[in-house]
Amino acid sequence: MALSSPRAFQSTFKVTLPNRPVETPYHARRAHKKSRNGCLICKGRRVKCDERKPTCLRCENYGAACVYASSLSSSSSSSRSSSIMRSTAASTSRSTPPNNALTSLSISDMVNRVRDTLGNDLALAPRTIGNRDEALNLAVDSFRFFLTCSINRISTPLIYQVMKREMVHVAFDTPYLMYTLLGCGVLHMNRVSPGNESRELGEAYFWQRAVQLYSAALQHPINQHNVSGLISASILIGVTSLAPLKFEIQDSWVFTGRGSDLNWLAIQGGLACILKHAGQYVPGSIWGVPFSHSHEIESQLFRYEITKGREGLHPDLADLCGITDETDDQTSLYWFPIKLLSPFLELEVNAQIASQCTTWMGRLEPPFVNLCRERDPRALVILAYWMGLMCSMSQWVPWVEGRIRKECIAVCIYLESLGDPVIRPFLEFPAAAAGYTLISL
């Protein structure tokens, strides 16, 4: 099984707002008995619930976690419940294969699973998010939201299936991965319905513990037992930097001058480091099949057999960076990023292309990222082209609104301010894609 492509495989969790209801023609319906005690999922979808417990028939068929109002913790606010219900209804509106082993977990099942995984660790949560029981309630809400809403934003079928099933099972035995899932779930809730201070503090705590425990796990040798958890956490852990709670254009590293403000890009390459040391164990992990499938697609897309020269490279970017027929990744730090970016500049955008284009940031080598830290103009042009592509595909990758669009505008403003006539023409595409109007010359 070839693993050259999966070494840089990257799947990014997508954060989006619930879909707006679509207007449909009115059709009179026959009178029927209303379900007043149905589950929240059916109420959110405005369909009749058979009120079967612990899982109603509709939720079972849709593969959704069935939640009854009477089961919710009394400490949960009504605004939080309604927010979860609306987003859950939107996410489960598409048909997905039932997965009774995971998605039919009752509230008590979730409490037990989370408690068994985290043990007394939640007792260390800061009092600002409540006592231990309140912290557990937030953890359960976050886990449920991840299962019923967040995973459903994954557009690649094989990755979706692994995350929905095998990855969650691994999390039950892996505290750092469980905290990562909780962090993703509560982050998604906070972006959908911001302003809940206790929940925002909970987000910070879950991510803090995820990173602490994950860092400790990385100190041990990688083996067949821990490889699935390490890969899973690495895939998801960068989401917090791509969808920060607050980010403005002036916060970009190109204006602050702080190289650390580009860490959001650097950490996306963490998976490549994991796979570099775990290659022999990857085929037997839960990610073996998705990685192998990804390699087949990417071999055609990126033509890995070409190891030097201008063939397949965007000609204007190649000219800008001085790439000749003899240039390769050893003689130019620009060659490899342009090689991986060029196919996307020629293809018609769609959901599959958007998913593949997302992986570009996870393939970057540290030396090129350092060029971006140093605000090297040509490296910034290449990065801006990728960010512009992501902005143009925002309907499939809505998480770009969290940071990428504003970072793209910041880079365009910075490069424009240099007044370099060679660089200026290269700003037209990323600026237009990000919604920034260049100053007329």
# chains A, B, ... in the order shown; residues from 1 in each chain; ligands from 1
>>> select_by_dssp(residues="range 111-216 of chain A", states="alpha helix (DSSP H)", output="MDAnalysis selection string")
chainID A and resid 111:118 132:145 157:164 166:171 175:192 197:216
>>> residues_around(residues="range 119-135 of chain A", least_positions_apart="2", cutoff="10 Å", atoms="only C-alpha atoms", output="list of chain:residue names")
A:Ser73, A:Ser75, A:Ser76, A:Asn112, A:Arg113, A:Val114, A:Arg115, A:Asp116, A:Thr117, A:Asn137, A:Leu138, A:Ala139, A:Val140, A:Asp141, A:Pro175, A:Glu197, A:Ser198, A:Arg199, A:Glu200, A:Leu201, A:Gly202, A:Glu203, A:Tyr205, A:Phe206, A:Arg209
>>> atom_distance(atom1="CA of Arg375 in chain A", atom2="CA of Ser355 in chain A")
27.0 Å
>>> residues_around(residues="Gln330 in chain A", least_positions_apart="3", cutoff="12 Å", atoms="only C-alpha atoms", output="VMD selection string")
chain A and resid 307 to 309 323 326 to 327 333 to 336 365 367 to 368
>>> write_last_selection(atoms="N, CA, C and O atoms", output="mmCIF file, in the first residue's frame")
data_model
loop_
_atom_site.group_PDB
_atom_site.id
_atom_site.type_symbol
_atom_site.label_atom_id
_atom_site.label_comp_id
_atom_site.auth_asym_id
_atom_site.auth_seq_id
_atom_site.Cartn_x
_atom_site.Cartn_y
_atom_site.Cartn_z
ATOM 1 N N THR A 307 9.481 15.196 -11.050
ATOM 2 C CA THR A 307 10.247 15.620 -9.874
ATOM 3 C C THR A 307 11.050 16.899 -10.085
ATOM 4 O O THR A 307 11.753 17.346 -9.175
ATOM 5 N N LYS A 308 10.959 17.476 -11.281
ATOM 6 C CA LYS A 308 11.649 18.750 -11.498
ATOM 7 C C LYS A 308 11.068 19.439 -12.723
ATOM 8 O O LYS A 308 10.295 18.853 -13.489
ATOM 9 N N GLY A 309 11.464 20.719 -12.891
ATOM 10 C CA GLY A 309 11.067 21.445 -14.087
ATOM 11 C C GLY A 309 9.750 22.189 -13.963
ATOM 12 O O GLY A 309 9.144 22.269 -12.898
ATOM 13 N N ILE A 323 11.606 29.705 -11.712
ATOM 14 C CA ILE A 323 11.709 28.254 -11.881
ATOM 15 C C ILE A 323 12.023 27.924 -13.339
ATOM 16 O O ILE A 323 11.365 28.413 -14.261
ATOM 17 N N GLU A 326 15.228 22.910 -14.908
ATOM 18 C CA GLU A 326 16.116 22.129 -14.038
ATOM 19 C C GLU A 326 15.805 22.309 -12.559
ATOM 20 O O GLU A 326 16.422 21.682 -11.707
ATOM 21 N N THR A 327 14.822 23.145 -12.242
ATOM 22 C CA THR A 327 14.499 23.420 -10.838
ATOM 23 C C THR A 327 13.763 22.252 -10.205
ATOM 24 O O THR A 327 12.897 21.620 -10.833
ATOM 25 N N LEU A 333 12.644 26.584 -2.831
ATOM 26 C CA LEU A 333 11.597 26.348 -1.836
ATOM 27 C C LEU A 333 10.209 26.634 -2.394
ATOM 28 O O LEU A 333 9.210 26.260 -1.784
ATOM 29 N N TYR A 334 10.142 27.280 -3.557
ATOM 30 C CA TYR A 334 8.849 27.605 -4.153
ATOM 31 C C TYR A 334 8.306 26.467 -5.027
ATOM 32 O O TYR A 334 7.113 26.401 -5.290
ATOM 33 N N TRP A 335 9.189 25.602 -5.504
ATOM 34 C CA TRP A 335 8.798 24.613 -6.516
ATOM 35 C C TRP A 335 7.684 23.682 -6.034
ATOM 36 O O TRP A 335 6.669 23.521 -6.716
ATOM 37 N N PHE A 336 7.856 23.070 -4.873
ATOM 38 C CA PHE A 336 6.879 22.088 -4.398
ATOM 39 C C PHE A 336 5.517 22.722 -4.087
ATOM 40 O O PHE A 336 4.475 22.189 -4.507
ATOM 41 N N GLU A 365 6.257 22.291 3.688
ATOM 42 C CA GLU A 365 7.432 21.989 4.492
ATOM 43 C C GLU A 365 7.791 23.208 5.346
ATOM 44 O O GLU A 365 7.533 24.357 4.951
ATOM 45 N N PRO A 367 10.532 24.931 5.870
ATOM 46 C CA PRO A 367 11.291 26.035 5.266
ATOM 47 C C PRO A 367 10.405 27.017 4.487
ATOM 48 O O PRO A 367 10.652 28.231 4.519
ATOM 49 N N PHE A 368 9.384 26.509 3.790
ATOM 50 C CA PHE A 368 8.499 27.417 3.058
ATOM 51 C C PHE A 368 7.644 28.221 4.032
ATOM 52 O O PHE A 368 7.413 29.421 3.828
#
>>> closest_atom_pairs(of="range 255-329 of chain A", to="range 216-235 of chain A", cutoff="7 Å", atoms="only C-alpha atoms", output="JSON lines")
{"residue": "A:Gly270", "atom": "CA", "partner": "A:Ser234", "partner_atom": "CA", "distance": 6.4}
{"residue": "A:Leu271", "atom": "CA", "partner": "A:Ser234", "partner_atom": "CA", "distance": 5.5}
{"residue": "A:Ile274", "atom": "CA", "partner": "A:Ile231", "partner_atom": "CA", "distance": 6.9}
{"residue": "A:Ala278", "atom": "CA", "partner": "A:Ile222", "partner_atom": "CA", "distance": 6.2}
{"residue": "A:Tyr281", "atom": "CA", "partner": "A:Gln224", "partner_atom": "CA", "distance": 5.4}
{"residue": "A:Ser285", "atom": "CA", "partner": "A:Ser228", "partner_atom": "CA", "distance": 5.3}
{"residue": "A:Ile286", "atom": "CA", "partner": "A:Ser228", "partner_atom": "CA", "distance": 5.9}
>>> residues_around(residues="Ala266 in chain A", least_positions_apart="3", cutoff="10 Å", atoms="only C-alpha atoms", output="number ranges by chain")
A: 238, 260-263, 269-270, 361-362, 364-366, 368-370, 373
>>> closest_residue(among="A:Arg403, A:Pro244, A:Leu118, A:Asn350", to="His188 in chain A", atoms="only C-alpha atoms")
A:Pro244
>>> closest_residue(among="A:Val254, A:Ile297, A:Cys273, A:Trp287", to="Leu371 in chain A", atoms="only C-alpha atoms")
A:Val254
>>> residues_around(residues="range 378-392 of chain A", least_positions_apart="6", cutoff="9 Å", atoms="only C-alpha atoms", output="compact mmCIF listing (two decimals) with N, CA, C and O atoms, in the first residue's frame")
# COMPACT_ATOMS: atom_id res chain seq x y z
N LEU A 317 3.28 31.87 -12.09
CA LEU A 317 3.89 31.68 -10.77
C LEU A 317 5.31 31.14 -10.91
O LEU A 317 6.22 31.51 -10.16
N LEU A 320 7.49 34.04 -11.87
CA LEU A 320 7.69 34.91 -10.72
C LEU A 320 8.79 34.39 -9.80
O LEU A 320 9.59 35.16 -9.26
N CYS A 321 8.82 33.08 -9.64
CA CYS A 321 9.75 32.46 -8.68
C CYS A 321 11.03 31.96 -9.35
O CYS A 321 11.83 31.26 -8.71
N LEU A 333 12.64 26.58 -2.83
CA LEU A 333 11.60 26.35 -1.84
C LEU A 333 10.21 26.63 -2.39
O LEU A 333 9.21 26.26 -1.78
N TYR A 334 10.14 27.28 -3.56
CA TYR A 334 8.85 27.61 -4.15
C TYR A 334 8.31 26.47 -5.03
O TYR A 334 7.11 26.40 -5.29
N PRO A 337 5.44 23.85 -3.38
CA PRO A 337 4.14 24.47 -3.14
C PRO A 337 3.40 24.85 -4.43
O PRO A 337 2.18 24.69 -4.53
N ILE A 338 4.16 25.34 -5.44
CA ILE A 338 3.52 25.68 -6.71
C ILE A 338 3.05 24.42 -7.44
O ILE A 338 1.96 24.40 -8.04
N LEU A 341 -0.16 23.36 -5.92
CA LEU A 341 -1.23 24.34 -6.07
C LEU A 341 -1.73 24.43 -7.51
O LEU A 341 -2.92 24.67 -7.75
N PHE A 344 -5.13 22.91 -9.07
CA PHE A 344 -6.39 23.49 -8.61
C PHE A 344 -6.72 24.78 -9.35
O PHE A 344 -7.89 25.17 -9.42
N LEU A 345 -5.70 25.45 -9.89
CA LEU A 345 -5.93 26.69 -10.61
C LEU A 345 -6.50 26.45 -12.00
O LEU A 345 -6.96 27.39 -12.66
N VAL A 349 -14.15 24.32 -9.96
CA VAL A 349 -14.31 24.05 -8.53
C VAL A 349 -15.60 23.28 -8.25
O VAL A 349 -16.62 23.48 -8.89
N ALA A 354 -12.63 21.16 -3.63
CA ALA A 354 -12.46 21.97 -2.42
C ALA A 354 -11.82 21.15 -1.31
O ALA A 354 -10.93 21.62 -0.60
N CYS A 357 -8.18 20.60 -2.23
CA CYS A 357 -7.40 21.84 -2.13
C CYS A 357 -7.08 22.18 -0.68
O CYS A 357 -6.04 22.77 -0.38
N THR A 358 -7.98 21.81 0.22
CA THR A 358 -7.75 22.06 1.64
C THR A 358 -6.46 21.42 2.12
O THR A 358 -5.77 21.95 2.98
N TRP A 360 -3.63 21.26 0.86
CA TRP A 360 -2.39 21.95 0.47
C TRP A 360 -1.63 22.46 1.68
O TRP A 360 -0.41 22.33 1.78
N MET A 361 -2.34 23.04 2.64
CA MET A 361 -1.66 23.64 3.79
C MET A 361 -0.99 22.58 4.66
O MET A 361 -0.02 22.87 5.36
N PHE A 368 9.38 26.51 3.79
CA PHE A 368 8.50 27.42 3.06
C PHE A 368 7.64 28.22 4.03
O PHE A 368 7.41 29.42 3.83
N VAL A 369 7.16 27.57 5.09
CA VAL A 369 6.39 28.30 6.11
C VAL A 369 7.23 29.41 6.71
O VAL A 369 6.74 30.51 6.97
N LEU A 371 9.57 31.06 5.18
CA LEU A 371 9.59 32.15 4.22
C LEU A 371 8.35 33.04 4.38
O LEU A 371 8.44 34.27 4.30
N CYS A 372 7.22 32.41 4.63
CA CYS A 372 5.99 33.18 4.85
C CYS A 372 6.09 33.97 6.15
O CYS A 372 5.64 35.13 6.21
N PRO A 398 -16.94 26.44 4.39
CA PRO A 398 -17.33 27.68 5.06
C PRO A 398 -16.43 28.08 6.21
O PRO A 398 -16.50 29.22 6.68
N VAL A 400 -13.54 28.90 6.03
CA VAL A 400 -12.61 29.95 5.61
C VAL A 400 -13.00 31.31 6.17
O VAL A 400 -12.15 32.21 6.28
N GLU A 401 -14.28 31.45 6.55
CA GLU A 401 -14.72 32.73 7.08
C GLU A 401 -14.16 32.99 8.48
O GLU A 401 -14.17 34.12 8.96
N ILE A 404 -9.28 32.48 7.17
CA ILE A 404 -8.59 32.49 5.89
C ILE A 404 -8.94 33.71 5.04
O ILE A 404 -8.05 34.34 4.44
N ARG A 405 -10.21 34.08 4.96
CA ARG A 405 -10.58 35.23 4.12
C ARG A 405 -9.89 36.50 4.61
O ARG A 405 -9.35 37.28 3.81
N GLU A 407 -7.15 36.70 6.47
CA GLU A 407 -5.71 36.57 6.26
C GLU A 407 -5.36 36.88 4.80
O GLU A 407 -4.35 37.52 4.51
N CYS A 408 -6.20 36.43 3.88
CA CYS A 408 -5.97 36.68 2.46
C CYS A 408 -6.01 38.18 2.16
O CYS A 408 -5.14 38.71 1.45
N ILE A 409 -7.00 38.87 2.72
CA ILE A 409 -7.09 40.32 2.53
C ILE A 409 -5.87 41.01 3.13
O ILE A 409 -5.29 41.94 2.53
N VAL A 411 -2.82 39.84 3.52
CA VAL A 411 -1.65 39.61 2.67
C VAL A 411 -1.73 40.50 1.43
O VAL A 411 -0.71 41.08 1.00
N CYS A 412 -2.92 40.62 0.84
CA CYS A 412 -3.07 41.48 -0.34
C CYS A 412 -2.76 42.94 -0.01
O CYS A 412 -2.08 43.64 -0.77
N LEU A 415 1.12 43.23 0.51
CA LEU A 415 1.88 43.19 -0.73
C LEU A 415 1.61 44.41 -1.59
O LEU A 415 2.51 44.93 -2.27
N ILE A 423 4.95 42.32 -8.48
CA ILE A 423 4.02 41.60 -7.61
C ILE A 423 2.57 42.03 -7.86
O ILE A 423 1.65 41.19 -7.78
N PHE A 426 -0.22 39.96 -9.61
CA PHE A 426 -0.54 38.68 -8.98
C PHE A 426 -1.56 38.84 -7.85
O PHE A 426 -2.04 37.83 -7.31
N LEU A 427 -1.89 40.05 -7.49
CA LEU A 427 -2.83 40.27 -6.39
C LEU A 427 -4.27 40.30 -6.86
O LEU A 427 -5.20 40.23 -6.04
N PHE A 429 -6.24 38.17 -8.56
CA PHE A 429 -7.08 37.00 -8.28
C PHE A 429 -7.38 36.83 -6.80
O PHE A 429 -8.56 36.76 -6.41
N PRO A 430 -6.37 36.77 -5.91
CA PRO A 430 -6.71 36.56 -4.49
C PRO A 430 -7.52 37.70 -3.90
O PRO A 430 -8.42 37.47 -3.08
N ALA A 431 -7.25 38.94 -4.33
CA ALA A 431 -8.01 40.07 -3.80
C ALA A 431 -9.48 39.97 -4.20
O ALA A 431 -10.38 40.16 -3.37
N ALA A 432 -9.73 39.67 -5.46
CA ALA A 432 -11.12 39.55 -5.92
C ALA A 432 -11.83 38.39 -5.23
O ALA A 432 -13.00 38.51 -4.83
N ALA A 433 -11.14 37.27 -5.07
CA ALA A 433 -11.75 36.10 -4.42
C ALA A 433 -12.09 36.37 -2.97
O ALA A 433 -13.10 35.89 -2.45
N ALA A 434 -11.24 37.17 -2.30
CA ALA A 434 -11.47 37.47 -0.87
C ALA A 434 -12.42 38.63 -0.67
O ALA A 434 -12.85 38.89 0.46
N GLY A 435 -12.72 39.37 -1.75
CA GLY A 435 -13.64 40.50 -1.62
C GLY A 435 -12.97 41.81 -1.29
O GLY A 435 -13.60 42.72 -0.75
>>> closest_residue(among="A:Asn190, A:Leu236, A:Trp253, A:Gly185", to="Met167 in chain A", atoms="only C-alpha atoms")
A:Leu236
>>> closest_residue(among="A:Asp420, A:Glu428, A:Glu346, A:Glu298", to="Pro315 in chain A", atoms="only C-alpha atoms")
A:Glu346
>>> closest_residue(among="A:Ser294, A:His314, A:Asp376, A:Ala171", to="Leu418 in chain A", atoms="only C-alpha atoms")
A:Asp376
>>> decode(residues="range 195-209 of chain A", atoms="all heavy atoms", output="CSV table (one decimal), in the first residue's frame")
chain,number,residue,atom,x,y,z
A,195,GLY,N,-21.5,34.0,22.5
A,195,GLY,CA,-21.9,34.9,23.6
A,195,GLY,C,-22.1,34.2,24.9
A,195,GLY,O,-22.4,34.8,25.9
A,196,ASN,N,-22.0,32.8,24.9
A,196,ASN,CA,-22.1,32.1,26.2
A,196,ASN,C,-20.7,32.0,26.8
A,196,ASN,O,-19.9,31.2,26.4
A,196,ASN,CB,-22.7,30.7,25.9
A,196,ASN,CG,-23.0,29.9,27.1
A,196,ASN,OD1,-22.2,29.9,28.1
A,196,ASN,ND2,-24.2,29.3,27.2
A,197,GLU,N,-20.5,32.9,27.8
A,197,GLU,CA,-19.2,33.0,28.4
A,197,GLU,C,-18.7,31.7,29.1
A,197,GLU,O,-17.6,31.2,28.9
A,197,GLU,CB,-19.2,34.1,29.5
A,197,GLU,CG,-17.8,34.3,30.1
A,197,GLU,CD,-17.8,35.4,31.1
A,197,GLU,OE1,-18.9,36.0,31.3
A,197,GLU,OE2,-16.8,35.7,31.7
A,198,SER,N,-19.6,31.0,29.8
A,198,SER,CA,-19.2,29.7,30.4
A,198,SER,C,-18.8,28.7,29.4
A,198,SER,O,-17.8,27.9,29.6
A,198,SER,CB,-20.4,29.2,31.3
A,198,SER,OG,-20.0,27.9,31.9
A,199,ARG,N,-19.6,28.6,28.3
A,199,ARG,CA,-19.3,27.7,27.2
A,199,ARG,C,-18.0,28.0,26.5
A,199,ARG,O,-17.2,27.1,26.1
A,199,ARG,CB,-20.4,27.6,26.2
A,199,ARG,CG,-20.5,26.3,25.4
A,199,ARG,CD,-21.8,26.3,24.6
A,199,ARG,NE,-22.0,27.5,23.8
A,199,ARG,CZ,-23.1,27.9,23.3
A,199,ARG,NH1,-24.2,27.3,23.7
A,199,ARG,NH2,-23.2,28.9,22.6
A,200,GLU,N,-17.7,29.3,26.4
A,200,GLU,CA,-16.4,29.7,25.8
A,200,GLU,C,-15.2,29.4,26.6
A,200,GLU,O,-14.2,28.9,26.1
A,200,GLU,CB,-16.5,31.2,25.5
A,200,GLU,CG,-17.4,31.6,24.4
A,200,GLU,CD,-17.6,33.1,24.2
A,200,GLU,OE1,-16.9,33.9,25.0
A,200,GLU,OE2,-18.3,33.5,23.3
A,201,LEU,N,-15.4,29.5,28.0
A,201,LEU,CA,-14.4,29.1,28.9
A,201,LEU,C,-14.2,27.5,28.8
A,201,LEU,O,-13.0,27.0,28.9
A,201,LEU,CB,-14.7,29.5,30.3
A,201,LEU,CG,-14.6,31.0,30.6
A,201,LEU,CD1,-15.2,31.3,31.9
A,201,LEU,CD2,-13.2,31.5,30.5
A,202,GLY,N,-15.3,26.8,28.6
A,202,GLY,CA,-15.2,25.4,28.5
A,202,GLY,C,-14.4,25.0,27.2
A,202,GLY,O,-13.7,24.1,27.2
A,203,GLU,N,-14.7,25.7,26.1
A,203,GLU,CA,-13.9,25.5,24.9
A,203,GLU,C,-12.4,25.6,25.1
A,203,GLU,O,-11.6,24.8,24.7
A,203,GLU,CB,-14.4,26.5,23.8
A,203,GLU,CG,-13.6,26.4,22.5
A,203,GLU,CD,-13.9,27.5,21.5
A,203,GLU,OE1,-15.1,28.0,21.6
A,203,GLU,OE2,-13.1,27.8,20.7
A,204,ALA,N,-12.0,26.7,25.8
A,204,ALA,CA,-10.6,26.9,26.1
A,204,ALA,C,-10.0,25.8,26.9
A,204,ALA,O,-8.9,25.3,26.7
A,204,ALA,CB,-10.4,28.3,26.8
A,205,TYR,N,-10.8,25.3,27.9
A,205,TYR,CA,-10.3,24.3,28.8
A,205,TYR,C,-10.2,22.9,28.0
A,205,TYR,O,-9.2,22.2,28.2
A,205,TYR,CB,-11.2,24.1,30.0
A,205,TYR,CG,-10.8,23.0,30.9
A,205,TYR,CD1,-9.7,23.1,31.7
A,205,TYR,CD2,-11.6,21.8,31.0
A,205,TYR,CE1,-9.3,22.0,32.5
A,205,TYR,CE2,-11.2,20.7,31.8
A,205,TYR,CZ,-10.0,20.9,32.6
A,205,TYR,OH,-9.6,19.8,33.4
A,206,PHE,N,-11.2,22.6,27.3
A,206,PHE,CA,-11.1,21.3,26.5
A,206,PHE,C,-9.9,21.3,25.6
A,206,PHE,O,-9.2,20.3,25.5
A,206,PHE,CB,-12.4,21.1,25.7
A,206,PHE,CG,-13.6,20.8,26.6
A,206,PHE,CD1,-14.9,21.1,26.1
A,206,PHE,CD2,-13.5,20.3,27.9
A,206,PHE,CE1,-16.0,20.8,26.9
A,206,PHE,CE2,-14.6,20.1,28.7
A,206,PHE,CZ,-15.9,20.3,28.2
A,207,TRP,N,-9.7,22.4,24.9
A,207,TRP,CA,-8.5,22.4,24.0
A,207,TRP,C,-7.2,22.4,24.7
A,207,TRP,O,-6.2,21.8,24.3
A,207,TRP,CB,-8.6,23.7,23.1
A,207,TRP,CG,-9.6,23.5,21.9
A,207,TRP,CD1,-10.7,24.3,21.7
A,207,TRP,CD2,-9.5,22.6,20.9
A,207,TRP,NE1,-11.3,23.8,20.5
A,207,TRP,CE2,-10.6,22.8,20.0
A,207,TRP,CE3,-8.6,21.6,20.5
A,207,TRP,CZ2,-10.8,22.1,18.9
A,207,TRP,CZ3,-8.8,20.8,19.4
A,207,TRP,CH2,-9.9,21.1,18.6
A,208,GLN,N,-7.2,23.1,25.9
A,208,GLN,CA,-6.0,23.1,26.7
A,208,GLN,C,-5.6,21.6,27.1
A,208,GLN,O,-4.5,21.2,27.0
A,208,GLN,CB,-6.1,24.0,27.9
A,208,GLN,CG,-4.9,24.0,28.8
A,208,GLN,CD,-5.2,24.7,30.1
A,208,GLN,OE1,-6.2,24.4,30.8
A,208,GLN,NE2,-4.3,25.6,30.5
A,209,ARG,N,-6.6,20.9,27.6
A,209,ARG,CA,-6.4,19.5,28.0
A,209,ARG,C,-6.0,18.6,26.8
A,209,ARG,O,-5.2,17.8,26.9
A,209,ARG,CB,-7.6,19.0,28.8
A,209,ARG,CG,-7.8,19.7,30.1
A,209,ARG,CD,-6.7,19.5,31.1
A,209,ARG,NE,-6.5,18.1,31.5
A,209,ARG,CZ,-5.3,17.5,31.8
A,209,ARG,NH1,-4.2,18.2,31.6
A,209,ARG,NH2,-5.3,16.3,32.2
